[in-house]
>>> print(open('model-v9.txt').read())   # compact mmCIF, C-alpha atoms (C1' of nucleotides)
# COMPACT_ATOMS: atom_id res chain seq x y z
CA MET A 242 10.82 -6.84 -5.47
CA ILE A 243 7.77 -8.84 -4.48
CA GLU A 244 7.65 -7.09 -1.10
CA ALA A 245 6.60 -3.91 -2.89
CA ASP A 246 3.79 -5.76 -4.65
CA ILE A 247 2.57 -7.21 -1.38
CA PHE A 248 2.19 -3.92 0.45
CA LYS A 249 0.69 -2.26 -2.59
CA ALA A 250 -1.81 -5.07 -2.89
CA LEU A 251 -2.80 -4.80 0.76
CA ALA A 252 -3.08 -1.02 0.60
CA ASP A 253 -6.49 -1.37 -1.03
CA PRO A 254 -9.37 -1.95 1.41
CA THR A 255 -11.34 -4.10 -1.02
CA ARG A 256 -8.36 -6.38 -1.58
CA ARG A 257 -7.87 -6.74 2.16
CA LYS A 258 -11.51 -7.75 2.50
CA VAL A 259 -11.09 -10.32 -0.26
CA PHE A 260 -7.97 -11.65 1.39
CA GLU A 261 -9.74 -11.87 4.72
CA LYS A 262 -12.55 -13.84 3.11
CA LEU A 263 -10.03 -16.29 1.76
CA ALA A 264 -8.61 -16.74 5.24
CA GLY A 265 -11.81 -18.69 5.92
CA GLY A 266 -11.12 -21.06 3.06
CA SER A 267 -10.96 -21.40 -0.69
CA LEU A 268 -13.57 -19.51 -2.73
CA ASN A 269 -14.18 -18.76 -6.39
CA ALA A 270 -14.30 -15.28 -7.89
CA SER A 271 -18.10 -15.06 -7.86
CA ALA A 272 -18.42 -16.21 -4.27
CA LEU A 273 -15.85 -13.61 -3.32
CA ARG A 274 -18.09 -10.94 -4.78
CA ASP A 275 -21.11 -11.35 -2.59
CA GLY A 276 -21.25 -9.03 0.34
CA LEU A 277 -18.89 -6.67 -1.44
CA GLU A 278 -20.50 -4.25 -3.85
CA ILE A 279 -18.11 -4.71 -6.67
CA SER A 280 -18.41 -5.46 -10.38
CA GLN A 281 -17.13 -8.69 -11.89
CA PRO A 282 -14.25 -7.05 -13.81
CA ALA A 283 -13.18 -5.09 -10.73
CA MET A 284 -12.99 -8.32 -8.72
CA SER A 285 -11.06 -10.00 -11.48
CA GLN A 286 -8.57 -7.15 -11.51
CA HIS A 287 -8.18 -7.21 -7.74
CA LEU A 288 -7.56 -10.93 -7.81
CA ALA A 289 -4.92 -10.45 -10.49
CA VAL A 290 -3.13 -7.97 -8.23
CA LEU A 291 -3.28 -10.30 -5.22
CA ARG A 292 -2.01 -13.16 -7.36
CA ALA A 293 0.86 -11.12 -8.81
CA ALA A 294 1.86 -10.20 -5.26
CA GLY A 295 2.00 -13.85 -4.23
CA LEU A 296 -0.72 -13.38 -1.63
CA VAL A 297 -3.20 -15.64 -3.38
CA ARG A 298 -3.05 -18.57 -5.74
CA GLU A 299 -5.63 -19.92 -8.12
CA GLU A 300 -6.76 -23.33 -9.21
CA ARG A 301 -9.06 -23.63 -12.16
CA GLN A 302 -11.96 -26.04 -11.68
CA GLY A 303 -14.09 -26.26 -14.77
CA ARG A 304 -15.43 -22.84 -15.46
CA PHE A 305 -14.77 -21.71 -11.93
CA VAL A 306 -11.48 -20.47 -10.60
CA ASN A 307 -10.88 -21.21 -6.96
CA TYR A 308 -8.70 -18.83 -5.01
CA GLU A 309 -6.89 -19.50 -1.77
CA VAL A 310 -4.35 -17.78 0.47
CA ASP A 311 -0.80 -18.38 -0.72
CA PRO A 312 1.49 -19.08 2.25
CA ASP A 313 4.38 -17.53 0.31
CA GLY A 314 2.89 -14.07 0.66
CA ILE A 315 2.28 -14.60 4.36
CA ALA A 316 5.87 -15.73 4.77
CA THR A 317 7.17 -12.61 3.05
CA ILE A 318 5.26 -10.39 5.44
CA GLY A 319 6.43 -12.49 8.38
CA THR A 320 10.10 -12.19 7.51
CA TRP A 321 9.70 -8.49 6.84
CA LEU A 322 8.07 -8.05 10.24
CA ALA A 323 10.83 -10.06 11.89
CA ARG A 324 13.34 -7.36 10.94
CA TYR A 325 11.63 -5.10 13.45
CA ARG A 326 11.53 -7.53 16.33
CA ALA A 327 13.46 -5.07 18.48
CA TYR A 328 10.35 -2.91 18.48
CA TRP A 329 7.76 -5.60 19.05
CA PRO A 330 5.70 -4.63 22.05
CA LYS A 331 4.59 -6.83 24.92
CA ARG A 332 1.21 -7.11 23.27
CA MET A 333 2.75 -9.32 20.65
CA GLU A 334 3.40 -12.10 23.12
CA ALA A 335 0.14 -13.58 21.87
CA LEU A 336 1.70 -13.87 18.45
CA ALA A 337 4.78 -15.39 20.00
CA GLY A 338 2.58 -17.96 21.73
CA LEU A 339 1.02 -18.99 18.45
CA LEU A 340 4.41 -19.41 16.88
CA LYS A 341 5.65 -21.56 19.72
CA GLU A 342 2.64 -23.84 19.31
CA MET A 343 3.42 -24.14 15.63
CA ASP A 344 6.97 -25.07 16.43
CA GLN A 345 5.99 -28.17 18.42
CA MET B 100 -9.21 2.34 10.37
CA ILE B 101 -5.52 2.69 11.08
CA GLU B 102 -4.80 -0.65 9.42
CA ALA B 103 -5.59 0.98 6.07
CA ASP B 104 -3.15 3.80 6.78
CA ILE B 105 -0.42 1.34 7.69
CA PHE B 106 -0.54 -0.66 4.49
CA LYS B 107 -0.87 2.48 2.40
CA ALA B 108 2.13 3.95 4.14
CA LEU B 109 4.22 0.84 3.54
CA ALA B 110 3.14 0.60 -0.09
CA ASP B 111 5.64 3.30 -0.99
CA PRO B 112 9.24 2.06 -1.48
CA THR B 113 10.79 5.27 -0.17
CA ARG B 114 8.76 5.09 3.02
CA ARG B 115 9.79 1.47 3.53
CA LYS B 116 13.44 2.51 3.18
CA VAL B 117 12.93 5.26 5.73
CA PHE B 118 11.25 2.85 8.10
CA GLU B 119 14.07 0.35 7.66
CA LYS B 120 16.61 3.06 8.50
CA LEU B 121 14.72 3.78 11.68
CA ALA B 122 14.89 0.12 12.61
CA GLY B 123 18.58 0.78 13.27
CA GLY B 124 17.75 3.52 15.74
CA SER B 125 16.36 7.01 16.11
CA LEU B 126 17.29 9.56 13.42
CA ASN B 127 16.27 13.08 12.52
CA ALA B 128 14.67 14.09 9.24
CA SER B 129 17.92 15.31 7.66
CA ALA B 130 19.86 12.20 8.62
CA LEU B 131 17.09 10.12 7.10
CA ARG B 132 17.61 11.92 3.81
CA ASP B 133 21.17 10.92 3.11
CA GLY B 134 21.58 7.93 0.91
CA LEU B 135 18.10 8.51 -0.45
CA GLU B 136 17.83 11.00 -3.29
CA ILE B 137 14.89 12.89 -1.99
CA SER B 138 14.09 16.54 -1.36
CA GLN B 139 13.48 17.92 2.09
CA PRO B 140 9.75 18.55 1.57
CA ALA B 141 9.27 15.08 0.13
CA MET B 142 10.90 13.52 3.20
CA SER B 143 8.78 15.68 5.47
CA GLN B 144 5.64 14.51 3.68
CA HIS B 145 6.68 10.87 3.87
CA LEU B 146 7.35 11.19 7.58
CA ALA B 147 3.92 12.75 8.07
CA VAL B 148 2.34 9.73 6.38
CA LEU B 149 4.33 7.27 8.50
CA ARG B 150 3.42 9.20 11.63
CA ALA B 151 -0.28 9.33 10.76
CA ALA B 152 -0.20 5.57 10.25
CA GLY B 153 1.27 5.01 13.71
CA LEU B 154 4.42 3.45 12.30
CA VAL B 155 6.71 6.19 13.52
CA ARG B 156 6.72 8.74 16.31
CA GLU B 157 8.57 11.99 16.66
CA GLU B 158 10.33 13.81 19.44
CA ARG B 159 11.41 17.38 18.90
CA GLN B 160 14.91 18.17 20.12
CA GLY B 161 15.78 21.79 19.60
CA ARG B 162 15.54 22.48 15.93
CA PHE B 163 15.80 18.82 15.06
CA VAL B 164 13.00 16.33 15.08
CA ASN B 165 14.00 12.83 15.98
CA TYR B 166 12.00 9.97 14.55
CA GLU B 167 11.81 6.41 15.80
CA VAL B 168 9.83 3.26 15.10
CA ASP B 169 6.51 3.26 16.94
CA PRO B 170 5.79 -0.20 18.39
CA ASP B 171 2.06 0.44 17.99
CA GLY B 172 2.33 0.19 14.21
CA ILE B 173 4.37 -3.00 14.47
CA ALA B 174 1.75 -4.44 16.81
CA THR B 175 -1.04 -3.66 14.38
CA ILE B 176 0.73 -5.55 11.61
CA GLY B 177 1.47 -8.40 13.97
CA THR B 178 -2.12 -8.87 15.03
CA TRP B 179 -3.26 -8.58 11.41
CA LEU B 180 -0.77 -11.24 10.40
CA ALA B 181 -1.89 -13.46 13.27
CA ARG B 182 -5.31 -13.76 11.66
CA TYR B 183 -3.71 -15.80 8.90
CA ARG B 184 -1.78 -18.17 11.11
CA ALA B 185 -3.53 -21.14 9.52
CA TYR B 186 -1.55 -20.38 6.38
CA TRP B 187 1.82 -19.71 7.95
CA PRO B 188 4.35 -21.94 6.22
CA LYS B 189 7.13 -24.00 7.77
CA ARG B 190 9.58 -21.32 6.71
CA MET B 191 8.21 -19.11 9.43
CA GLU B 192 9.77 -21.33 12.06
CA ALA B 193 12.71 -18.97 11.86
CA LEU B 194 10.39 -16.25 13.04
CA ALA B 195 9.16 -18.55 15.78
CA GLY B 196 12.75 -19.07 16.88
CA LEU B 197 13.29 -15.35 17.26
CA LEU B 198 10.14 -15.05 19.28
CA LYS B 199 11.18 -17.83 21.61
CA GLU B 200 14.44 -16.02 22.28
CA MET B 201 12.54 -12.86 23.02
CA ASP B 202 10.27 -14.72 25.38
CA GLN B 203 13.10 -15.83 27.63
C1' DA C 41 -24.41 -26.77 -31.94
C1' DC C 42 -25.82 -23.27 -29.11
C1' DA C 43 -27.02 -20.45 -25.22
C1' DA C 44 -25.76 -19.30 -20.69
C1' DC C 45 -22.28 -18.92 -17.42
C1' DA C 46 -17.58 -17.79 -15.10
C1' DC C 47 -13.95 -15.27 -15.69
C1' DA C 48 -10.24 -12.30 -18.07
C1' DT C 49 -8.79 -8.45 -20.77
C1' DA C 50 -9.03 -3.88 -23.14
C1' DA C 51 -9.78 0.94 -23.26
C1' DG C 52 -11.26 5.04 -21.22
C1' DT C 53 -11.92 8.12 -17.12
C1' DA C 54 -11.92 10.23 -12.47
C1' DT C 55 -9.43 10.46 -8.38
C1' DA C 56 -5.35 9.56 -5.44
C1' DT C 57 -0.61 9.98 -4.82
C1' DG C 58 4.13 11.61 -4.82
C1' DC C 59 6.76 14.92 -6.53
C1' DT C 60 8.17 19.88 -7.36
C1' DT C 61 8.86 24.99 -6.12
C1' DA C 62 7.75 28.50 -2.94
C1' DT C 63 7.09 29.99 1.52
C1' DG C 64 6.15 29.78 6.58
C1' DT C 65 7.60 28.73 11.49
C1' DC C 66 10.64 27.86 15.00
C1' DT C 67 15.39 27.39 16.97
C1' DC C 68 20.24 28.15 17.36
C1' DG C 69 24.65 30.68 17.26
C1' DT C 70 26.87 35.03 16.94
C1' DA D 133 18.61 41.27 16.77
C1' DC D 134 19.73 38.82 12.81
C1' DG D 135 21.06 35.29 9.53
C1' DA D 136 21.24 30.46 8.85
C1' DG D 137 19.56 26.01 9.63
C1' DA D 138 15.81 22.24 10.29
C1' DC D 139 11.54 21.24 9.37
C1' DA D 140 6.45 21.85 7.92
C1' DT D 141 2.95 23.41 4.84
C1' DA D 142 0.78 25.09 0.47
C1' DA D 143 -0.20 24.84 -4.32
C1' DG D 144 0.43 22.89 -8.71
C1' DC D 145 1.43 19.01 -11.75
C1' DA D 146 2.41 14.35 -13.74
C1' DT D 147 1.62 9.68 -13.07
C1' DA D 148 -0.60 5.69 -10.81
C1' DT D 149 -4.64 3.48 -9.49
C1' DA D 150 -9.34 1.73 -9.23
C1' DC D 151 -13.27 1.99 -11.43
C1' DT D 152 -16.45 1.76 -15.56
C1' DT D 153 -18.38 -0.36 -20.11
C1' DA D 154 -17.46 -3.40 -23.80
C1' DT D 155 -15.73 -7.51 -25.46
C1' DG D 156 -13.02 -11.89 -25.56
C1' DT D 157 -12.12 -16.84 -24.07
C1' DG D 158 -13.15 -21.07 -22.33
C1' DT D 159 -16.65 -24.32 -20.08
C1' DT D 160 -21.07 -26.41 -19.03
C1' DG D 161 -25.66 -28.14 -19.93
C1' DT D 162 -29.25 -29.17 -23.17
>>> encode(input="model-v9.txt", output="structure tokens")
Amino acid sequence: MIEADIFKALADPTRRKVFEKLAGGSLNASALRDGLEISQPAMSQHLAVLRAAGLVREERQGRFVNYEVDPDGIATIGTWLARYRAYWPKRMEALAGLLKEMDQ
Amino acid sequence: MIEADIFKALADPTRRKVFEKLAGGSLNASALRDGLEISQPAMSQHLAVLRAAGLVREERQGRFVNYEVDPDGIATIGTWLARYRAYWPKRMEALAGLLKEMDQ
DNA sequence: ACAACACATAAGTATATGCTTATGTCTCGT
DNA sequence: ACGAGACATAAGCATATACTTATGTGTTGT
């Protein structure tokens, strides 16, 4: 069940910060560290968790490893969230607007 | 940061099952137990976590406590997910379809 | 070839988490 | 009023998790 891995991965605040950084574009493991006070092994371990969850994917480039958001993870969250559409509040019309744009 | 509480709450498989049950409609704590092999105190603790996260709200009715999905929690996930719209895959058009229905 | 770099993995440790049993609080029916 | 039911809370315990230090692997530049 990859859904379990996704929510577990996002339960950690550091991993959410990392993921948010990647929302701005691809970055390597070292670049992801600055700003966050975190050791190199800790970052490596966090990235492994995000990767295993399908939230992030890697691409080795020489001795660097570039990480980027994996749309598969996003899709899993989206379809999970869709199951609760009956409870989506008015506020989420903004989200609906974005989706309609996408659809065109 | 309630966002942290939400992802932590959903990281547990039992709590996700409970939440999914509530998607079908309001239920009390005992009704939520059947099907799941879980003790009464454990369920009570899980419900407390879901409530603290804003995913669920309660309404006491006599000696029963009815629980239902809280749209606030759903909204928080929705707005979080919206931050990653640049990475939403084509597959999420299905989600867009649902939203368009809703919008009418 | 070798040193420095970028990253991953291993092993150990402290804390967080989810469970258990025991008990408390409130409500209902008789 | 009293016993039973529905739920919450407390305390203790076993496991999971996120960190640390140490080391391994592969790459780059000289």
>>> interface_residues(input="model-v9.txt", of="chain D", to="chain A", cutoff="12 Å", atoms="only C-alpha atoms (C1' of nucleotides)", output="list in words")
DA148, DT149, DA150, DC151, DT152, DT153, DA154, DT155, DT157, DG158, DT159 and DT160 of chain D
>>> interface_residues(input="model-v9.txt", of="chain C", to="chain B", cutoff="10 Å", atoms="all atoms listed in the file", output="PyMOL selection string")
chain C and resi 57-60+66-68
>>> write_last_selection(input="model-v9.txt", atoms="C-alpha atoms (C1' of nucleotides)", output="CSV table (one decimal), in the coordinates of the input")
chain,number,residue,atom,x,y,z
C,57,DT,C1',-0.6,10.0,-4.8
C,58,DG,C1',4.1,11.6,-4.8
C,59,DC,C1',6.8,14.9,-6.5
C,60,DT,C1',8.2,19.9,-7.4
C,66,DC,C1',10.6,27.9,15.0
C,67,DT,C1',15.4,27.4,17.0
C,68,DC,C1',20.2,28.2,17.4
>>> residues_around(input="model-v9.txt", residues="Pro330 in chain A", least_positions_apart="4", cutoff="9 Å", atoms="all atoms listed in the file", output="PyMOL selection string")
(chain A and resi 326+334) or (chain B and resi 170-171+173-174)
>>> calpha_fit_and_write(input="model-v9.txt", fixed="chain A", moving="chain B", output="compact mmCIF listing (two decimals) with C-alpha atoms, keeping the file's coordinate frame")
# COMPACT_ATOMS: atom_id res chain seq x y z
CA MET B 100 10.79 -6.53 -5.74
CA ILE B 101 7.76 -8.55 -4.72
CA GLU B 102 7.69 -6.87 -1.31
CA ALA B 103 6.55 -3.68 -3.03
CA ASP B 104 3.73 -5.53 -4.77
CA ILE B 105 2.59 -7.06 -1.50
CA PHE B 106 2.19 -3.82 0.39
CA LYS B 107 0.60 -2.13 -2.60
CA ALA B 108 -1.85 -4.98 -2.90
CA LEU B 109 -2.78 -4.80 0.77
CA ALA B 110 -3.12 -1.03 0.68
CA ASP B 111 -6.55 -1.40 -0.88
CA PRO B 112 -9.39 -2.08 1.61
CA THR B 113 -11.36 -4.22 -0.83
CA ARG B 114 -8.36 -6.43 -1.49
CA ARG B 115 -7.78 -6.85 2.24
CA LYS B 116 -11.41 -7.95 2.63
CA VAL B 117 -10.99 -10.45 -0.18
CA PHE B 118 -7.81 -11.77 1.39
CA GLU B 119 -9.52 -12.07 4.76
CA LYS B 120 -12.34 -14.07 3.16
CA LEU B 121 -9.78 -16.43 1.71
CA ALA B 122 -8.30 -16.92 5.16
CA GLY B 123 -11.45 -18.93 5.89
CA GLY B 124 -10.77 -21.24 2.98
CA SER B 125 -10.66 -21.50 -0.79
CA LEU B 126 -13.36 -19.64 -2.75
CA ASN B 127 -14.06 -18.85 -6.38
CA ALA B 128 -14.26 -15.36 -7.83
CA SER B 129 -18.07 -15.19 -7.72
CA ALA B 130 -18.29 -16.41 -4.14
CA LEU B 131 -15.75 -13.77 -3.19
CA ARG B 132 -18.06 -11.12 -4.60
CA ASP B 133 -21.02 -11.62 -2.34
CA GLY B 134 -21.15 -9.37 0.65
CA LEU B 135 -18.87 -6.94 -1.14
CA GLU B 136 -20.58 -4.50 -3.49
CA ILE B 137 -18.23 -4.88 -6.36
CA SER B 138 -18.58 -5.61 -10.06
CA GLN B 139 -17.25 -8.75 -11.65
CA PRO B 140 -14.46 -7.02 -13.60
CA ALA B 141 -13.38 -5.11 -10.52
CA MET B 142 -13.08 -8.35 -8.54
CA SER B 143 -11.17 -9.95 -11.38
CA GLN B 144 -8.73 -7.04 -11.41
CA HIS B 145 -8.28 -7.16 -7.65
CA LEU B 146 -7.58 -10.88 -7.79
CA ALA B 147 -5.00 -10.29 -10.51
CA VAL B 148 -3.21 -7.81 -8.25
CA LEU B 149 -3.27 -10.20 -5.28
CA ARG B 150 -1.99 -13.00 -7.49
CA ALA B 151 0.81 -10.89 -8.95
CA ALA B 152 1.87 -10.01 -5.41
CA GLY B 153 2.10 -13.67 -4.43
CA LEU B 154 -0.59 -13.30 -1.79
CA VAL B 155 -3.06 -15.57 -3.52
CA ARG B 156 -2.92 -18.46 -5.95
CA GLU B 157 -5.51 -19.82 -8.30
CA GLU B 158 -6.62 -23.24 -9.41
CA ARG B 159 -9.00 -23.54 -12.32
CA GLN B 160 -11.83 -26.01 -11.79
CA GLY B 161 -14.04 -26.26 -14.82
CA ARG B 162 -15.45 -22.85 -15.46
CA PHE B 163 -14.71 -21.71 -11.94
CA VAL B 164 -11.43 -20.44 -10.66
CA ASN B 165 -10.73 -21.22 -7.06
CA TYR B 166 -8.54 -18.85 -5.11
CA GLU B 167 -6.66 -19.52 -1.90
CA VAL B 168 -4.12 -17.80 0.31
CA ASP B 169 -0.58 -18.33 -0.95
CA PRO B 170 1.79 -19.01 1.96
CA ASP B 171 4.62 -17.39 0.00
CA GLY B 172 3.06 -13.95 0.42
CA ILE B 173 2.53 -14.54 4.13
CA ALA B 174 6.16 -15.61 4.45
CA THR B 175 7.37 -12.46 2.76
CA ILE B 176 5.48 -10.30 5.23
CA GLY B 177 6.72 -12.41 8.09
CA THR B 178 10.37 -12.06 7.18
CA TRP B 179 9.89 -8.34 6.58
CA LEU B 180 8.31 -7.97 9.99
CA ALA B 181 11.12 -9.98 11.58
CA ARG B 182 13.56 -7.23 10.63
CA TYR B 183 11.87 -5.00 13.18
CA ARG B 184 11.87 -7.46 16.04
CA ALA B 185 13.81 -5.02 18.20
CA TYR B 186 10.67 -2.90 18.30
CA TRP B 187 8.13 -5.63 18.88
CA PRO B 188 6.09 -4.67 21.92
CA LYS B 189 5.01 -6.85 24.83
CA ARG B 190 1.57 -7.05 23.26
CA MET B 191 2.99 -9.35 20.64
CA GLU B 192 3.41 -12.08 23.22
CA ALA B 193 -0.02 -13.22 22.11
CA LEU B 194 1.46 -13.80 18.70
CA ALA B 195 4.35 -15.64 20.32
CA GLY B 196 1.86 -17.87 22.10
CA LEU B 197 0.23 -18.85 18.83
CA LEU B 198 3.59 -19.64 17.34
CA LYS B 199 4.54 -21.85 20.25
CA GLU B 200 1.36 -23.84 19.76
CA MET B 201 2.16 -24.22 16.10
CA ASP B 202 5.64 -25.38 16.94
CA GLN B 203 4.44 -28.35 18.96
>>> atom_distance(input="model-v9.txt", atom1="C1' of DT70 in chain C", atom2="CA of Arg132 in chain B")
28.1 Å
>>> closest_residue(input="model-v9.txt", among="A:Pro254, A:Gly266, A:Gly295, A:Gly276", to="chain B", atoms="all atoms listed in the file")
A:Pro254
>>> interface_residues(input="model-v9.txt", of="chain B", to="chain A", cutoff="8 Å", atoms="only C-alpha atoms", output="ChimeraX atom specification")
/B:103-107,109-112,122,168-171,173-174,176-178,180-188,190-192,194-195,197-199,202
>>> axis_aligned_box(input="model-v9.txt", around="range 65-68 of chain C", padding_each_side="3 Å", output="AutoDock Vina command-line options")
--center_x 13.9 --center_y 28.1 --center_z 14.4 --size_x 18.6 --size_y 7.3 --size_z 11.9
>>> atom_distance(input="model-v9.txt", atom1="C1' of DT49 in chain C", atom2="C1' of DT147 in chain D")
22.3 Å
>>> atom_distance(input="model-v9.txt", atom1="CA of Val155 in chain B", atom2="CA of Lys116 in chain B")
12.9 Å
>>> closest_residue(input="model-v9.txt", among="C:DA56, C:DA43, C:DA62, C:DA50", to="DT141 in chain D", atoms="all atoms listed in the file")
C:DA62
>>> residues_around(input="model-v9.txt", residues="Asn269 in chain A", least_positions_apart="2", cutoff="9 Å", atoms="all atoms listed in the file", output="JSON, numbers by chain")
{"A": [267, 271, 272, 273, 274, 299, 305, 306, 307, 308, 309]}
>>> closest_residue(input="model-v9.txt", among="B:Ala152, B:Glu158, B:Thr113, B:Ile101", to="Leu126 in chain B", atoms="all atoms listed in the file")
B:Glu158
>>> decode(input="model-v9.txt", residues="range 41-56 of chain C", atoms="N, CA and C atoms (P, O5', C5', C4', C3', O3' and C1' of nucleotides)", output="short mmCIF file (atom, residue, chain, number, x, y, z; two decimals), in the first residue's frame")
data_model
loop_
_atom_site.label_atom_id
_atom_site.label_comp_id
_atom_site.auth_asym_id
_atom_site.auth_seq_id
_atom_site.Cartn_x
_atom_site.Cartn_y
_atom_site.Cartn_z
P DA C 41 46.01 3.80 -10.78
"O5'" DA C 41 47.19 4.89 -10.96
"C5'" DA C 41 48.39 4.76 -10.24
"C4'" DA C 41 48.53 5.89 -9.24
"C3'" DA C 41 47.78 5.68 -7.92
"O3'" DA C 41 48.58 6.25 -6.88
"C1'" DA C 41 46.90 7.60 -9.00
P DC C 42 48.27 6.02 -5.33
"O5'" DC C 42 47.64 7.41 -4.89
"C5'" DC C 42 48.26 8.62 -5.29
"C4'" DC C 42 47.38 9.80 -4.93
"C3'" DC C 42 46.53 9.58 -3.68
"O3'" DC C 42 46.51 10.77 -2.92
"C1'" DC C 42 45.14 10.19 -5.46
P DA C 43 46.44 10.75 -1.31
"O5'" DA C 43 45.60 12.05 -0.98
"C5'" DA C 43 45.97 13.29 -1.58
"C4'" DA C 43 44.73 14.09 -1.91
"C3'" DA C 43 43.73 14.18 -0.76
"O3'" DA C 43 43.36 15.53 -0.59
"C1'" DA C 43 42.64 13.46 -2.73
P DA C 44 42.54 16.01 0.70
"O5'" DA C 44 41.20 16.58 0.06
"C5'" DA C 44 41.27 17.40 -1.11
"C4'" DA C 44 39.92 17.41 -1.79
"C3'" DA C 44 38.75 17.57 -0.81
"O3'" DA C 44 37.89 18.58 -1.32
"C1'" DA C 44 38.38 15.72 -2.23
P DC C 45 36.69 19.17 -0.46
"O5'" DC C 45 35.41 18.59 -1.22
"C5'" DC C 45 35.31 18.77 -2.63
"C4'" DC C 45 34.30 17.80 -3.18
"C3'" DC C 45 32.94 17.84 -2.48
"O3'" DC C 45 31.99 18.23 -3.45
"C1'" DC C 45 33.64 15.62 -2.92
P DA C 46 30.52 18.69 -2.99
"O5'" DA C 46 29.70 17.35 -3.25
"C5'" DA C 46 29.36 16.98 -4.59
"C4'" DA C 46 28.49 15.75 -4.55
"C3'" DA C 46 27.31 15.86 -3.58
"O3'" DA C 46 26.13 15.43 -4.24
"C1'" DA C 46 28.56 13.91 -3.12
P DC C 47 24.73 15.59 -3.53
"O5'" DC C 47 24.53 14.14 -2.93
"C5'" DC C 47 24.48 13.04 -3.85
"C4'" DC C 47 24.74 11.75 -3.12
"C3'" DC C 47 23.69 11.35 -2.09
"O3'" DC C 47 22.78 10.46 -2.72
"C1'" DC C 47 25.93 10.70 -1.51
P DA C 48 21.66 9.71 -1.86
"O5'" DA C 48 22.38 8.39 -1.32
"C5'" DA C 48 22.98 7.49 -2.25
"C4'" DA C 48 23.47 6.25 -1.52
"C3'" DA C 48 22.43 5.59 -0.62
"O3'" DA C 48 22.47 4.20 -0.87
"C1'" DA C 48 24.38 6.09 0.64
P DT C 49 21.43 3.18 -0.19
"O5'" DT C 49 22.25 2.62 1.07
"C5'" DT C 49 23.50 2.00 0.86
"C4'" DT C 49 24.14 1.65 2.18
"C3'" DT C 49 23.20 0.98 3.19
"O3'" DT C 49 23.83 -0.23 3.58
"C1'" DT C 49 24.42 2.70 4.21
P DA C 50 23.04 -1.28 4.52
"O5'" DA C 50 23.84 -1.18 5.89
"C5'" DA C 50 25.26 -1.06 5.85
"C4'" DA C 50 25.81 -0.98 7.27
"C3'" DA C 50 24.95 -1.65 8.33
"O3'" DA C 50 25.81 -2.33 9.23
"C1'" DA C 50 25.22 0.63 8.87
P DA C 51 25.21 -3.39 10.26
"O5'" DA C 51 25.34 -2.62 11.66
"C5'" DA C 51 26.56 -1.93 11.95
"C4'" DA C 51 26.39 -1.09 13.20
"C3'" DA C 51 25.44 -1.68 14.24
"O3'" DA C 51 26.03 -1.51 15.52
"C1'" DA C 51 24.76 0.49 13.72
P DG C 52 25.39 -2.17 16.83
"O5'" DG C 52 25.06 -0.88 17.72
"C5'" DG C 52 26.06 0.11 17.91
"C4'" DG C 52 25.43 1.38 18.43
"C3'" DG C 52 24.45 1.18 19.59
"O3'" DG C 52 24.79 2.06 20.65
"C1'" DG C 52 23.45 2.49 17.90
P DT C 53 23.97 2.00 22.04
"O5'" DT C 53 23.03 3.27 21.92
"C5'" DT C 53 23.59 4.56 21.70
"C4'" DT C 53 22.50 5.61 21.71
"C3'" DT C 53 21.46 5.43 22.82
"O3'" DT C 53 21.12 6.70 23.35
"C1'" DT C 53 20.39 5.52 20.76
P DA C 54 20.49 6.81 24.82
"O5'" DA C 54 19.45 8.01 24.68
"C5'" DA C 54 19.79 9.16 23.92
"C4'" DA C 54 18.53 9.77 23.34
"C3'" DA C 54 17.37 9.89 24.33
"O3'" DA C 54 16.74 11.15 24.16
"C1'" DA C 54 16.69 8.60 22.47
P DT C 55 15.59 11.62 25.18
"O5'" DT C 55 14.29 11.62 24.27
"C5'" DT C 55 14.32 12.29 23.02
"C4'" DT C 55 13.19 11.81 22.15
"C3'" DT C 55 11.79 11.92 22.79
"O3'" DT C 55 10.99 12.64 21.86
"C1'" DT C 55 12.10 9.80 21.81
P DA C 56 9.47 13.09 22.26
"O5'" DA C 56 8.62 12.31 21.15
"C5'" DA C 56 9.24 12.07 19.89
"C4'" DA C 56 8.32 11.27 19.00
"C3'" DA C 56 6.84 11.44 19.26
"O3'" DA C 56 6.17 11.29 18.01
"C1'" DA C 56 7.46 9.20 19.76
#
